[in-house]
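**Q** The file below is data-v1.txt, compact mmCIF, C-alpha atoms:
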# COMPACT_ATOMS: atom_id res chain seq x y z
CA MET R 1 -18.58 18.42 13.34
CA ASN R 2 -19.60 20.14 10.11
CA THR R 3 -16.77 22.68 9.81
CA ILE R 4 -13.06 22.52 10.65
CA LEU R 5 -10.61 25.34 10.03
CA ILE R 6 -6.90 24.48 9.77
CA LYS R 7 -4.86 27.65 10.25
CA ALA R 8 -1.37 28.47 8.90
CA ALA R 9 -0.32 24.99 7.79
CA SER R 10 2.48 24.42 5.29
CA LEU R 11 0.60 22.66 2.50
CA VAL R 12 2.53 20.01 0.56
CA ASN R 13 0.57 19.66 -2.65
CA GLU R 14 1.10 19.30 -6.40
CA GLY R 15 4.81 20.06 -6.38
CA GLN R 16 4.63 23.07 -4.05
CA ILE R 17 4.92 23.92 -0.36
CA PHE R 18 3.09 27.04 0.79
CA ILE R 19 1.43 28.36 3.94
CA ALA R 20 -2.36 28.58 3.85
CA ASP R 21 -5.59 28.10 5.78
CA VAL R 22 -7.92 25.25 4.83
CA LEU R 23 -11.66 25.22 5.59
CA ILE R 24 -13.40 21.85 5.70
CA LYS R 25 -17.18 21.72 5.46
CA ASP R 26 -19.45 18.63 5.38
CA GLY R 27 -16.55 16.35 4.50
CA PHE R 28 -15.10 18.43 1.67
CA ILE R 29 -12.41 21.09 1.30
CA GLU R 30 -14.51 24.23 1.04
CA LYS R 31 -11.76 26.83 0.76
CA ILE R 32 -7.97 27.20 0.59
CA ALA R 33 -6.63 30.74 1.10
CA PRO R 34 -3.73 32.66 2.67
CA SER R 35 -6.08 33.63 5.49
CA ILE R 36 -9.64 32.53 6.33
CA SER R 37 -11.39 34.46 9.11
CA GLN R 38 -14.64 32.48 9.10
CA SER R 39 -15.60 30.77 12.37
CA ALA R 40 -15.72 26.95 12.47
CA ASP R 41 -16.85 24.20 14.84
CA LEU R 42 -13.19 23.30 15.36
CA GLU R 43 -10.18 25.50 14.70
CA ILE R 44 -6.68 23.95 14.60
CA ASN R 45 -3.54 26.05 14.86
CA ALA R 46 -1.20 24.28 12.41
CA GLU R 47 1.63 26.78 12.53
CA GLY R 48 4.90 24.90 12.03
CA LEU R 49 3.09 21.77 10.84
CA HIS R 50 2.96 20.35 7.29
CA LEU R 51 -0.36 19.37 5.73
CA PHE R 52 -0.23 16.46 3.27
CA PRO R 53 -2.97 14.81 1.23
CA GLY R 54 -3.74 11.56 3.06
CA MET R 55 -1.76 8.57 1.85
CA ILE R 56 -3.80 6.20 -0.34
CA ASP R 57 -2.42 2.68 0.14
CA ASP R 58 -3.21 0.59 -2.93
CA GLN R 59 -2.07 -2.71 -1.39
CA VAL R 60 -3.01 -4.01 2.04
CA HIS R 61 -4.03 -7.34 3.56
CA PHE R 62 -6.35 -6.67 6.50
CA ARG R 63 -7.14 -10.41 6.97
CA GLU R 64 -10.91 -10.17 7.37
CA PRO R 65 -12.78 -12.47 6.98
CA GLY R 66 -11.21 -15.72 8.07
CA LEU R 67 -7.81 -14.72 9.48
CA THR R 68 -8.89 -12.27 12.16
CA HIS R 69 -6.51 -13.69 14.77
CA LYS R 70 -3.84 -11.74 12.82
CA ALA R 71 -5.75 -8.55 12.00
CA ASP R 72 -9.16 -7.19 11.09
CA ILE R 73 -10.53 -4.23 9.18
CA PHE R 74 -11.22 -2.21 12.34
CA SER R 75 -7.80 -2.74 13.97
CA GLU R 76 -5.75 -2.19 10.82
CA SER R 77 -7.76 0.81 9.61
CA MET R 78 -7.11 2.31 13.04
CA ALA R 79 -3.36 1.70 12.66
CA ALA R 80 -3.59 3.13 9.13
CA VAL R 81 -5.14 6.44 10.17
CA ALA R 82 -2.60 6.72 13.02
CA GLY R 83 0.01 6.46 10.26
CA GLY R 84 -1.55 9.07 7.97
CA ILE R 85 -3.19 6.61 5.57
CA THR R 86 -6.71 7.85 4.82
CA SER R 87 -7.73 5.29 2.16
CA PHE R 88 -6.79 1.67 1.46
CA MET R 89 -7.35 -0.96 -1.21
CA GLU R 90 -7.47 -4.47 0.24
CA MET R 91 -6.45 -7.75 -1.34
CA PRO R 92 -8.61 -10.82 -2.00
CA ASN R 93 -6.55 -13.60 -0.36
CA THR R 94 -8.70 -13.68 2.76
CA VAL R 95 -10.58 -16.83 3.86
CA PRO R 96 -12.59 -17.54 1.84
CA ASN R 97 -10.74 -15.97 -1.10
CA THR R 98 -12.71 -13.10 -2.64
CA LEU R 99 -13.57 -14.92 -5.87
CA THR R 100 -17.28 -14.14 -6.21
CA GLN R 101 -19.22 -10.89 -6.36
CA GLU R 102 -21.15 -11.97 -3.24
CA LEU R 103 -17.97 -12.48 -1.21
CA LEU R 104 -16.65 -9.14 -2.49
CA GLN R 105 -19.83 -7.42 -1.32
CA ASP R 106 -19.50 -9.07 2.10
CA LYS R 107 -16.18 -7.28 2.62
CA TYR R 108 -17.65 -3.93 1.62
CA LYS R 109 -20.41 -4.46 4.19
CA ILE R 110 -17.89 -5.17 6.98
CA ALA R 111 -15.86 -2.08 6.06
CA SER R 112 -18.93 0.18 5.98
CA ASP R 113 -19.64 -0.83 9.59
CA VAL R 114 -16.14 -0.67 11.08
CA SER R 115 -13.45 0.97 8.90
CA LEU R 116 -12.01 4.26 10.16
CA ALA R 117 -10.36 4.83 6.76
CA ASN R 118 -11.88 5.04 3.28
CA TYR R 119 -11.81 1.68 1.53
CA SER R 120 -11.95 -0.36 -1.62
CA PHE R 121 -11.46 -4.09 -2.23
CA PHE R 122 -9.89 -5.94 -5.14
CA MET R 123 -11.81 -8.70 -6.88
CA GLY R 124 -9.74 -11.90 -6.92
CA ALA R 125 -8.94 -13.94 -10.02
CA SER R 126 -8.29 -17.68 -10.08
CA ASN R 127 -7.88 -20.29 -12.80
CA ASP R 128 -11.65 -20.83 -12.95
CA ASN R 129 -13.65 -17.68 -12.10
CA LEU R 130 -13.28 -15.52 -15.22
CA GLU R 131 -17.05 -15.14 -15.59
CA GLU R 132 -17.33 -13.72 -12.03
CA VAL R 133 -14.35 -11.43 -12.56
CA LEU R 134 -15.93 -9.90 -15.66
CA LYS R 135 -19.01 -8.88 -13.63
CA THR R 136 -16.90 -6.47 -11.54
CA ASP R 137 -18.08 -2.85 -11.68
CA PRO R 138 -15.16 -0.53 -12.60
CA LYS R 139 -16.87 2.47 -10.98
CA ASN R 140 -17.16 0.86 -7.53
CA VAL R 141 -14.18 -1.52 -7.31
CA CYS R 142 -10.50 -0.55 -7.43
CA GLY R 143 -9.30 -3.43 -9.58
CA ILE R 144 -8.77 -7.12 -10.24
CA LYS R 145 -5.95 -8.89 -8.40
CA VAL R 146 -3.96 -11.63 -10.12
CA PHE R 147 -1.31 -13.67 -8.33
CA MET R 148 1.08 -14.59 -11.15
CA GLY R 149 3.14 -16.64 -8.72
CA SER R 150 1.91 -18.09 -5.45
CA SER R 151 1.91 -16.02 -2.30
CA THR R 152 -0.28 -16.49 0.76
CA GLY R 153 -3.55 -18.24 -0.06
CA ASN R 154 -4.43 -20.46 -3.00
CA MET R 155 -4.97 -17.92 -5.74
CA LEU R 156 -2.15 -18.70 -8.13
CA VAL R 157 -3.22 -18.06 -11.73
CA ASP R 158 -0.85 -20.20 -13.78
CA ASN R 159 -3.12 -21.33 -16.61
CA ALA R 160 -1.76 -19.59 -19.73
CA LYS R 161 -5.16 -19.52 -21.45
CA VAL R 162 -6.87 -18.02 -18.38
CA LEU R 163 -4.18 -15.33 -18.12
CA GLU R 164 -4.55 -14.53 -21.82
CA ASN R 165 -8.32 -14.16 -21.46
CA LEU R 166 -8.04 -12.08 -18.30
CA PHE R 167 -5.67 -9.63 -19.94
CA LYS R 168 -7.82 -9.55 -23.07
CA GLU R 169 -11.24 -9.10 -21.45
CA ALA R 170 -10.72 -7.36 -18.08
CA PRO R 171 -12.96 -4.27 -17.94
CA MET R 172 -10.62 -2.42 -15.58
CA LEU R 173 -7.19 -2.24 -13.97
CA ILE R 174 -5.45 -5.55 -13.29
CA ALA R 175 -2.97 -5.53 -10.39
CA THR R 176 -0.44 -8.35 -10.41
CA HIS R 177 1.85 -10.05 -7.94
CA CYS R 178 4.66 -11.20 -10.20
CA GLU R 179 6.91 -14.09 -9.16
CA ASP R 180 7.41 -17.11 -11.40
CA GLU R 181 6.34 -20.23 -9.54
CA GLN R 182 8.44 -22.67 -11.57
CA THR R 183 11.62 -20.70 -10.89
CA ILE R 184 10.87 -20.55 -7.17
CA ARG R 185 10.16 -24.30 -6.96
CA ARG R 186 13.35 -25.07 -8.86
CA ASN R 187 15.39 -22.88 -6.51
CA MET R 188 13.71 -24.34 -3.42
CA ALA R 189 14.54 -27.88 -4.59
CA ILE R 190 18.22 -26.92 -4.98
CA TYR R 191 18.40 -25.39 -1.50
CA LYS R 192 16.46 -28.27 0.12
CA GLU R 193 18.83 -30.78 -1.44
CA LYS R 194 21.79 -28.83 -0.10
CA TYR R 195 20.52 -27.78 3.35
CA GLY R 196 17.47 -29.95 4.10
CA ASP R 197 15.30 -28.26 6.72
CA GLN R 198 18.18 -25.99 7.78
CA ILE R 199 17.41 -23.35 5.13
CA THR R 200 17.76 -19.89 6.72
CA ILE R 201 16.17 -16.51 6.07
CA ASP R 202 19.21 -15.11 4.24
CA MET R 203 18.47 -17.62 1.46
CA HIS R 204 14.96 -16.22 0.95
CA PRO R 205 15.97 -13.71 -1.78
CA LEU R 206 17.95 -16.43 -3.53
CA ILE R 207 14.98 -18.84 -3.55
CA ARG R 208 12.40 -16.17 -4.43
CA SER R 209 14.98 -14.74 -6.75
CA ALA R 210 15.37 -11.68 -8.95
CA GLU R 211 15.03 -14.02 -11.92
CA ALA R 212 11.64 -15.27 -10.63
CA CYS R 213 10.41 -11.68 -10.38
CA TYR R 214 11.67 -10.55 -13.77
CA THR R 215 10.38 -13.65 -15.60
CA SER R 216 6.86 -13.02 -14.31
CA SER R 217 6.85 -9.20 -14.56
CA SER R 218 8.14 -9.24 -18.13
CA MET R 219 5.45 -11.75 -19.10
CA ALA R 220 2.75 -9.52 -17.55
CA VAL R 221 4.07 -6.48 -19.45
CA GLU R 222 4.13 -8.49 -22.69
CA LEU R 223 0.52 -9.63 -22.20
CA ALA R 224 -0.62 -6.10 -21.36
CA LYS R 225 1.05 -4.64 -24.45
CA LYS R 226 -0.50 -7.34 -26.61
CA HIS R 227 -4.05 -6.66 -25.36
CA ASN R 228 -3.72 -2.96 -24.34
CA THR R 229 -4.61 -4.02 -20.79
CA ARG R 230 -4.58 -1.51 -17.95
CA LEU R 231 -1.85 -3.24 -15.92
CA HIS R 232 -0.44 -2.25 -12.52
CA ILE R 233 2.47 -4.36 -11.21
CA LEU R 234 2.75 -4.42 -7.44
CA HIS R 235 5.84 -4.35 -5.17
CA ILE R 236 8.74 -4.12 -7.61
CA SER R 237 11.73 -5.63 -5.78
CA THR R 238 14.58 -5.78 -8.32
CA ALA R 239 16.74 -3.34 -10.29
CA ARG R 240 16.14 -5.28 -13.50
CA GLU R 241 12.34 -4.90 -13.34
CA VAL R 242 12.54 -1.09 -13.17
CA ALA R 243 13.57 -0.96 -16.83
CA LEU R 244 10.29 -2.64 -17.85
CA PHE R 245 8.42 0.61 -17.21
CA ASP R 246 8.08 3.90 -19.06
CA SER R 247 9.25 7.11 -17.42
CA LYS R 248 8.42 9.45 -20.32
CA THR R 249 4.63 9.13 -20.71
CA ALA R 250 2.37 11.22 -18.45
CA LEU R 251 0.83 9.03 -15.74
CA LYS R 252 -2.73 9.76 -16.87
CA ASP R 253 -1.85 8.27 -20.27
CA LYS R 254 0.06 5.20 -19.07
CA ARG R 255 -1.45 1.77 -19.63
CA ILE R 256 1.25 0.00 -17.61
CA THR R 257 2.21 1.30 -14.16
CA ALA R 258 4.27 0.07 -11.22
CA GLU R 259 4.42 0.27 -7.44
CA ALA R 260 7.26 0.20 -4.93
CA CYS R 261 6.72 -0.75 -1.29
CA VAL R 262 8.22 0.90 1.76
CA HIS R 263 10.06 -2.24 2.91
CA HIS R 264 11.86 -2.60 -0.43
CA LEU R 265 12.94 1.05 -0.12
CA TRP R 266 14.10 0.71 3.50
CA PHE R 267 15.54 -2.77 4.06
CA ASP R 268 18.02 -4.89 2.09
CA ASP R 269 19.56 -8.34 2.47
CA ARG R 270 22.10 -7.10 5.03
CA ASP R 271 19.18 -6.63 7.45
CA TYR R 272 18.25 -10.34 7.58
CA ALA R 273 21.04 -10.93 10.14
CA GLU R 274 19.29 -8.67 12.67
CA LYS R 275 15.64 -8.78 11.60
CA GLY R 276 15.26 -12.40 10.46
CA ASN R 277 11.71 -13.50 9.63
CA TRP R 278 10.38 -10.08 10.68
CA ILE R 279 11.38 -8.86 7.19
CA LYS R 280 10.38 -12.04 5.34
CA TRP R 281 8.17 -10.81 2.49
CA ASN R 282 7.12 -12.02 -0.94
CA PRO R 283 8.69 -10.73 -3.13
CA ALA R 284 11.80 -10.89 -0.97
CA VAL R 285 13.84 -7.94 0.24
CA LYS R 286 16.92 -8.18 -1.98
CA THR R 287 20.27 -6.42 -2.38
CA GLU R 288 21.33 -2.87 -1.60
CA GLN R 289 21.74 -2.35 -5.36
CA ASP R 290 18.12 -3.41 -5.89
CA LYS R 291 16.95 -1.08 -3.11
CA ASP R 292 18.83 1.87 -4.59
CA ALA R 293 17.56 1.16 -8.11
CA ILE R 294 13.95 1.00 -6.87
CA LEU R 295 14.29 4.40 -5.19
CA LYS R 296 15.85 5.82 -8.34
CA GLY R 297 12.92 4.39 -10.32
CA VAL R 298 10.47 6.06 -7.95
CA LEU R 299 12.20 9.42 -8.29
CA ASP R 300 12.62 9.36 -12.08
CA GLY R 301 9.08 8.19 -12.91
CA HIS R 302 9.63 4.55 -13.90
CA ILE R 303 7.76 3.58 -10.72
CA ASP R 304 4.58 5.56 -10.08
CA ILE R 305 3.36 4.75 -6.56
CA ILE R 306 4.65 3.95 -3.08
CA ALA R 307 2.50 1.57 -1.00
CA THR R 308 2.89 -0.86 1.93
CA ASP R 309 1.74 -4.42 1.15
CA HIS R 310 0.74 -4.43 4.84
CA ALA R 311 0.33 -8.14 5.65
CA PRO R 312 0.38 -8.94 9.38
CA HIS R 313 1.03 -12.29 11.03
CA THR R 314 1.18 -13.12 14.73
CA ILE R 315 4.42 -13.04 16.68
CA GLU R 316 4.12 -16.82 17.19
CA GLU R 317 3.81 -17.41 13.44
CA LYS R 318 6.81 -15.22 12.66
CA GLU R 319 8.97 -16.87 15.34
CA GLN R 320 8.78 -20.24 13.60
CA PRO R 321 11.77 -21.54 11.59
CA TYR R 322 12.25 -19.97 8.13
CA LEU R 323 10.40 -22.67 6.16
CA GLN R 324 7.32 -22.47 8.41
CA ALA R 325 7.22 -18.71 9.04
CA PRO R 326 4.75 -16.91 6.76
CA SER R 327 5.77 -13.99 4.54
CA GLY R 328 4.47 -10.49 5.22
CA GLY R 329 4.54 -7.86 7.92
CA PRO R 330 2.58 -4.91 9.32
CA LEU R 331 3.45 -1.51 7.82
CA VAL R 332 0.50 0.91 7.59
CA GLN R 333 1.20 2.74 10.86
CA HIS R 334 4.82 3.48 9.97
CA ALA R 335 4.96 3.81 6.17
CA LEU R 336 4.59 7.59 6.00
CA SER R 337 6.92 7.98 9.00
CA ALA R 338 9.58 5.92 7.18
CA LEU R 339 9.22 8.04 4.04
CA LEU R 340 9.50 11.23 6.10
CA GLU R 341 12.66 9.77 7.63
CA MET R 342 13.98 9.26 4.10
CA TYR R 343 13.21 12.96 3.55
CA HIS R 344 15.38 13.79 6.58
CA GLN R 345 18.07 11.56 5.03
CA LYS R 346 17.78 13.69 1.86
CA LYS R 347 16.71 10.70 -0.26
CA ILE R 348 13.29 12.08 -1.28
CA THR R 349 11.48 15.44 -1.08
CA LEU R 350 8.23 16.18 0.73
CA GLU R 351 6.64 17.04 -2.62
CA GLN R 352 7.68 13.64 -4.02
CA ILE R 353 6.21 11.87 -0.99
CA ALA R 354 2.84 13.58 -1.61
CA GLU R 355 3.06 12.75 -5.30
CA LYS R 356 3.89 9.05 -4.90
CA THR R 357 1.59 8.27 -1.95
CA ALA R 358 -1.47 10.35 -2.87
CA HIS R 359 -1.57 12.28 -6.18
CA ASN R 360 -0.33 9.40 -8.33
CA VAL R 361 -2.47 6.76 -6.64
CA ALA R 362 -5.57 8.85 -7.29
CA THR R 363 -4.54 9.38 -10.93
CA CYS R 364 -3.49 5.77 -11.49
CA PHE R 365 -6.79 4.36 -10.18
CA ASN R 366 -9.00 7.27 -11.38
CA ILE R 367 -10.24 7.83 -7.82
CA ASP R 368 -13.06 10.34 -7.57
CA ARG R 369 -12.08 13.62 -5.79
CA ARG R 370 -9.32 12.32 -3.56
CA GLY R 371 -5.53 12.41 -3.42
CA PHE R 372 -5.06 16.19 -3.77
CA ILE R 373 -5.57 19.23 -1.54
CA ARG R 374 -8.09 20.98 -3.77
CA GLU R 375 -11.31 22.89 -3.21
CA GLY R 376 -14.27 20.58 -3.87
CA TYR R 377 -12.28 17.44 -3.04
CA TRP R 378 -12.85 15.17 -0.05
CA ALA R 379 -10.88 16.35 2.98
CA ASP R 380 -8.45 13.43 3.34
CA LEU R 381 -5.60 15.23 5.06
CA VAL R 382 -2.66 14.59 7.38
CA LEU R 383 -0.87 17.06 9.65
CA VAL R 384 2.76 16.23 10.41
CA ASN R 385 5.31 17.69 12.81
CA LEU R 386 8.60 17.11 11.00
CA ASN R 387 10.64 17.72 14.15
CA ASP R 388 9.05 15.69 16.93
CA PRO R 389 10.91 12.36 17.27
CA VAL R 390 8.98 9.18 18.07
CA LYS R 391 10.49 5.80 18.91
CA VAL R 392 8.58 2.72 17.71
CA THR R 393 7.91 0.38 20.65
CA ARG R 394 5.40 -2.39 21.27
CA ALA R 395 3.62 -0.01 23.65
CA ASN R 396 2.71 2.46 20.84
CA ILE R 397 1.88 -0.02 18.07
CA TRP R 398 -1.79 -0.19 17.01
CA TYR R 399 -1.60 -3.35 14.86
CA LYS R 400 -3.60 -6.29 16.20
CA CYS R 401 -0.52 -8.51 15.76
CA GLY R 402 1.35 -6.27 18.22
CA TRP R 403 4.75 -5.98 16.51
CA SER R 404 6.53 -3.99 13.81
CA PRO R 405 9.66 -4.52 11.69
CA PHE R 406 10.51 -0.92 12.70
CA GLU R 407 10.65 -1.65 16.46
CA GLY R 408 13.44 0.36 18.06
CA GLN R 409 13.55 2.85 15.18
CA VAL R 410 13.39 6.54 16.09
CA PHE R 411 11.49 8.52 13.45
CA GLN R 412 12.14 12.28 13.41
CA SER R 413 8.55 13.14 12.43
CA ASP R 414 5.23 12.67 14.20
CA ILE R 415 1.81 12.36 12.58
CA THR R 416 -0.43 14.58 14.72
CA HIS R 417 -3.84 14.70 12.96
CA THR R 418 -5.51 12.55 10.31
CA PHE R 419 -8.74 13.68 8.61
CA VAL R 420 -10.79 11.06 6.75
CA SER R 421 -13.55 12.43 4.51
CA GLY R 422 -13.60 15.54 6.67
CA ASN R 423 -13.71 13.69 9.99
CA LEU R 424 -10.87 14.13 12.48
CA ALA R 425 -10.25 10.38 12.76
CA TYR R 426 -6.98 10.57 14.69
CA HIS R 427 -5.30 13.15 16.94
CA LYS R 428 -2.19 12.45 19.03
CA GLY R 429 -2.97 8.86 20.00
CA LYS R 430 -6.76 9.25 20.17
CA PHE R 431 -9.33 8.07 17.63
CA THR R 432 -12.84 9.14 16.64
CA THR R 433 -14.55 5.78 16.13
CA ASN R 434 -18.18 6.87 15.72
CA GLU R 435 -17.53 8.22 12.19
CA LYS R 436 -16.53 5.70 9.53
CA GLY R 437 -14.61 5.98 6.27
CA ARG R 438 -16.36 5.91 2.91
CA ARG R 439 -16.26 3.59 -0.08
CA LEU R 440 -13.96 4.86 -2.80
CA THR R 441 -15.51 5.44 -6.21
CA PHE R 442 -13.72 5.66 -9.54
CA ASN R 443 -14.10 7.87 -12.64
CA ARG R 444 -14.00 5.14 -15.25
Written as C-alpha cells, that's how I'd like the structure from this file.
**A**
Amino acid sequence: MNTILIKAASLVNEGQIFIADVLIKDGFIEKIAPSISQSADLEINAEGLHLFPGMIDDQVHFREPGLTHKADIFSESMAAVAGGITSFMEMPNTVPNTLTQELLQDKYKIASDVSLANYSFFMGASNDNLEEVLKTDPKNVCGIKVFMGSSTGNMLVDNAKVLENLFKEAPMLIATHCEDEQTIRRNMAIYKEKYGDQITIDMHPLIRSAEACYTSSSMAVELAKKHNTRLHILHISTAREVALFDSKTALKDKRITAEACVHHLWFDDRDYAEKGNWIKWNPAVKTEQDKDAILKGVLDGHIDIIATDHAPHTIEEKEQPYLQAPSGGPLVQHALSALLEMYHQKKITLEQIAEKTAHNVATCFNIDRRGFIREGYWADLVLVNLNDPVKVTRANIWYKCGWSPFEGQVFQSDITHTFVSGNLAYHKGKFTTNEKGRRLTFNR
C-alpha cells in the first residue's frame, strides 16, 4: 500500500494539538495540511481521534536469542505495535550476552526477518570486552549498555579501570543501569540474617535501596562529567537521583540525560501487598514520594524520556517465592495506555506524552527522521481514541508470557491504528505481518 490518507485527525505534535490531514507515501509523511483532497490507496476517517508520533521505547528486553520461552522479537514487537510503540531499542543481556560485534549482528538479522516494529540493539559492555565495544558503529547502533550493578544476566561492570576507560573512550552514547552491587549485597546479608529464606517482596525496595541507586548514579554522572561522556541513565527510581540532572540546558545540548519508566510512574511500595512479584523490578518500585518526584522530574525537564524496561518472565517464574522470582515484567502493550490514563487523571498533558515518548527520544539518540510528525519524516504514527475504555485481561494480552501487571485495569483510551514506517502494522486487534519494521539509523 503506497499511499495512505488520514483525514481530520487531531495531531499531537511539538507542543500543539491541531486538526489536519496527513498523507503517507512510500513510508514517509508526504504532506500535512488542513485538508488534502488527493486520492490514496487507503483513506482513514480519523475524526475524533488523536494522532501521536509513535512511541520510541529506548529500553526493552525481548529475550531473543536464548530465552525465547519468555518472549521473542516477533511476539514482543507485535505487543509493542498493539500498544503504539513503533520503534524499540533492545538490551544485550540475552543468551549469549551481546558482547561481540558478531553476536550484535545476529540480533539485527533476526529482527530484519521478524520484527513488526522498527529496531535497534545496544552493544553490551563487560569487564573484558572494551576492544569489541569500541568497534561499535555510532551511525547504526543506538548505544552501549553498561550494567553498573548486577541485574539479570552476568554483565556487571564493576572494574573501576574498565569503567574509567569506557567513559573515556566510548564513541557514542552509554546507557547505564545504576545500582551499587556492594550496597545491595550488604542489605541482602542483613535481611537474610534477620529473616532467612522468609524475605518477602515488600523488602525488595529496602534491599535494592535508594542508597544503592544514588551511589551508582552519582558515580556515573561524575565519570561522565570528567570525560565529557554522552551518558544516559536508565530507569530513575528515586527522588534523590532526580537532582543529579540538569533541567535548564536544551536537550540537544545535554551530555547527561535520564529516563523514567512507566512502572515507576504508576506503582509504589503500597502496591506490593496486592501485586507481589508481578511488580518486582530492578531498580525496585519505591515510595509514593519517589514516584511523585520522578513524575515532577519528567514534567520539569530533569528527566528527558519515558520508556518501559519491558522484561517479561513466565507466570511460573514469577509465582516462585521472592528470592527465586526474577525481576522484570511485560509493559510495551500498555505503556502508552497507562500514560494516557495519567492524562485523564490530569497528571500529564497529551503534548508532554508525545514529547517524552517520541520527540525527546529521537533528539536524545539522534535518530534519523523519526519521532516527530513532520513532512519528509518516516510515518511512525499512532491513532488513539481517548474515550473508548478497554479492560486489560489475559484474553487481550499479546505478550508471549501471557500476563500483565496491569491485569484488571480499565484504561479510558484505546489504541486503534499503529503505522510503522508507513505500514499499517496494527488496526483494532489485527496485525499486518508481511511488512517488517526497519533498522533505526542515527545522525552522529
**Q** For Val60 (chain R), which residue out of R:Asp300, R:Asp309, R:Glu14, R:Glu169 is the nearest one, using all atoms listed in the file?
**A**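 Selected residue with least distance to Val60 (chain R): R:Asp309.
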**Q** What is the CA of Asp290 (chain R)-CA of Ala79 (chain R) distance in Å, reported with one decimal?
**A**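 For CA of Asp290 (chain R) relative to CA of Ala79 (chain R), the distance reads 28.8 Å.
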**Q** When distances are computed from all atoms listed in the file, which of R:Glu319, R:Cys213, R:Val262, R:Lys347 shows the smallest separation from Asn282 (chain R)?
**A** R:Cys213
**Q** How many Å lie between CA of Ser337 (chain R) and CA of Ser413 (chain R), rounded to one decimal?
**A** 6.4 Å
**Q** Quick one: of R:Gln59, R:Thr215, R:Thr86, R:Asn45, who's nearest to Ala307 (chain R), counting only C-alpha atoms?
**A**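 Ranked by minimum distance to Ala307 (chain R), first place goes to R:Gln59.
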**Q** Would you mind reading off the distance between CA of Gly196 (chain R) and CA of Arg208 (chain R), one decimal, in Å?
**A**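 We find that CA of Gly196 (chain R) and CA of Arg208 (chain R) lie 17.0 Å from each other.
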**Q** Mind checking which residues fall within 10 Å of Met55 (chain R), counting all atoms listed in the file, ignoring those fewer than 4 positions away in the same chain, and posting them as number ranges by chain?
**A** R: 80-81, 83-88, 306-307, 332, 335-336, 353-359, 361-362, 371, 380-382
**Q** Place a sphere of radius 9 Å on (15.7, -10.5, 6.1) in the file coordinates and name every protein, DNA or RNA residue with an atom inside or on its surface, counting all atoms listed in the file; give the answer as a list in words.
**A** Ile201, Asp202, Met203, His204, Pro205, Phe267, Asp268, Asp269, Arg270, Asp271, Tyr272, Ala273, Glu274, Lys275, Gly276, Asn277, Trp278, Ile279, Lys280, Trp281, Ala284, Val285 and Lys286 of chain R
**Q** Using all atoms listed in the file, pick whichever of R:Ala338, R:Ala243, R:Leu440, R:Ala311 has the shortest atom-to-atom distance to Leu67 (chain R).
**A** R:Ala311
**Q** Near region 217-231 of chain R, counting only C-alpha atoms, which residues have an atom at most 9 Å away, once you skip same-chain residues fewer than 5 positions from it, shown as a PyMOL selection string?
**A** chain R and resi 148+163-164+167-180+212+236+241+244-245+254-258
**Q** Find, counting only C-alpha atoms, the residue in R:Ser75, R:Gln352, R:Gln16, R:Asn93 that gets nearest to Thr433 (chain R).
**A**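 Nearest to Thr433 (chain R): R:Ser75.
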**Q** So which residues touch Val22 (chain R) within 9 Å, counting all atoms listed in the file, skipping near sequence neighbours fewer than 5 positions away, as a PyMOL selection string?
**A** chain R and resi 4-9+29-36
**Q** Here is a test: counting only C-alpha atoms, which residue of R:Ala82, R:Thr308, R:Pro326, R:Ile190 is nearest to Ile397 (chain R)?
**A** R:Ala82
**Q** Pick out the residues sitting within 6 Å of Ala379 (chain R), and hand them over as an NGL selection string; count all atoms listed in the file, and ignore anything fewer than 3 positions along from it in its own chain.
**A** :R and (27-29 or 421-422)
**Q** I need every residue sitting at most 7 Å from the point (-2.3, -13.2, -11.1) (coordinates as in the file, all atoms listed in the file considered), written as a list in words.
**A**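 It turns out the residues near that spot are Ala125, Lys145, Val146, Phe147, Met148, Gly149, Leu156, Val157, Thr176 and His177 of chain R.
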**Q** List the neighbours of Leu11 (chain R) out to 7 Å using all atoms listed in the file; skip same-chain residues closer than 2 positions along the sequence, and give me the result as a PyMOL selection string.
**A** chain R and resi 9+13+17-20+50-52
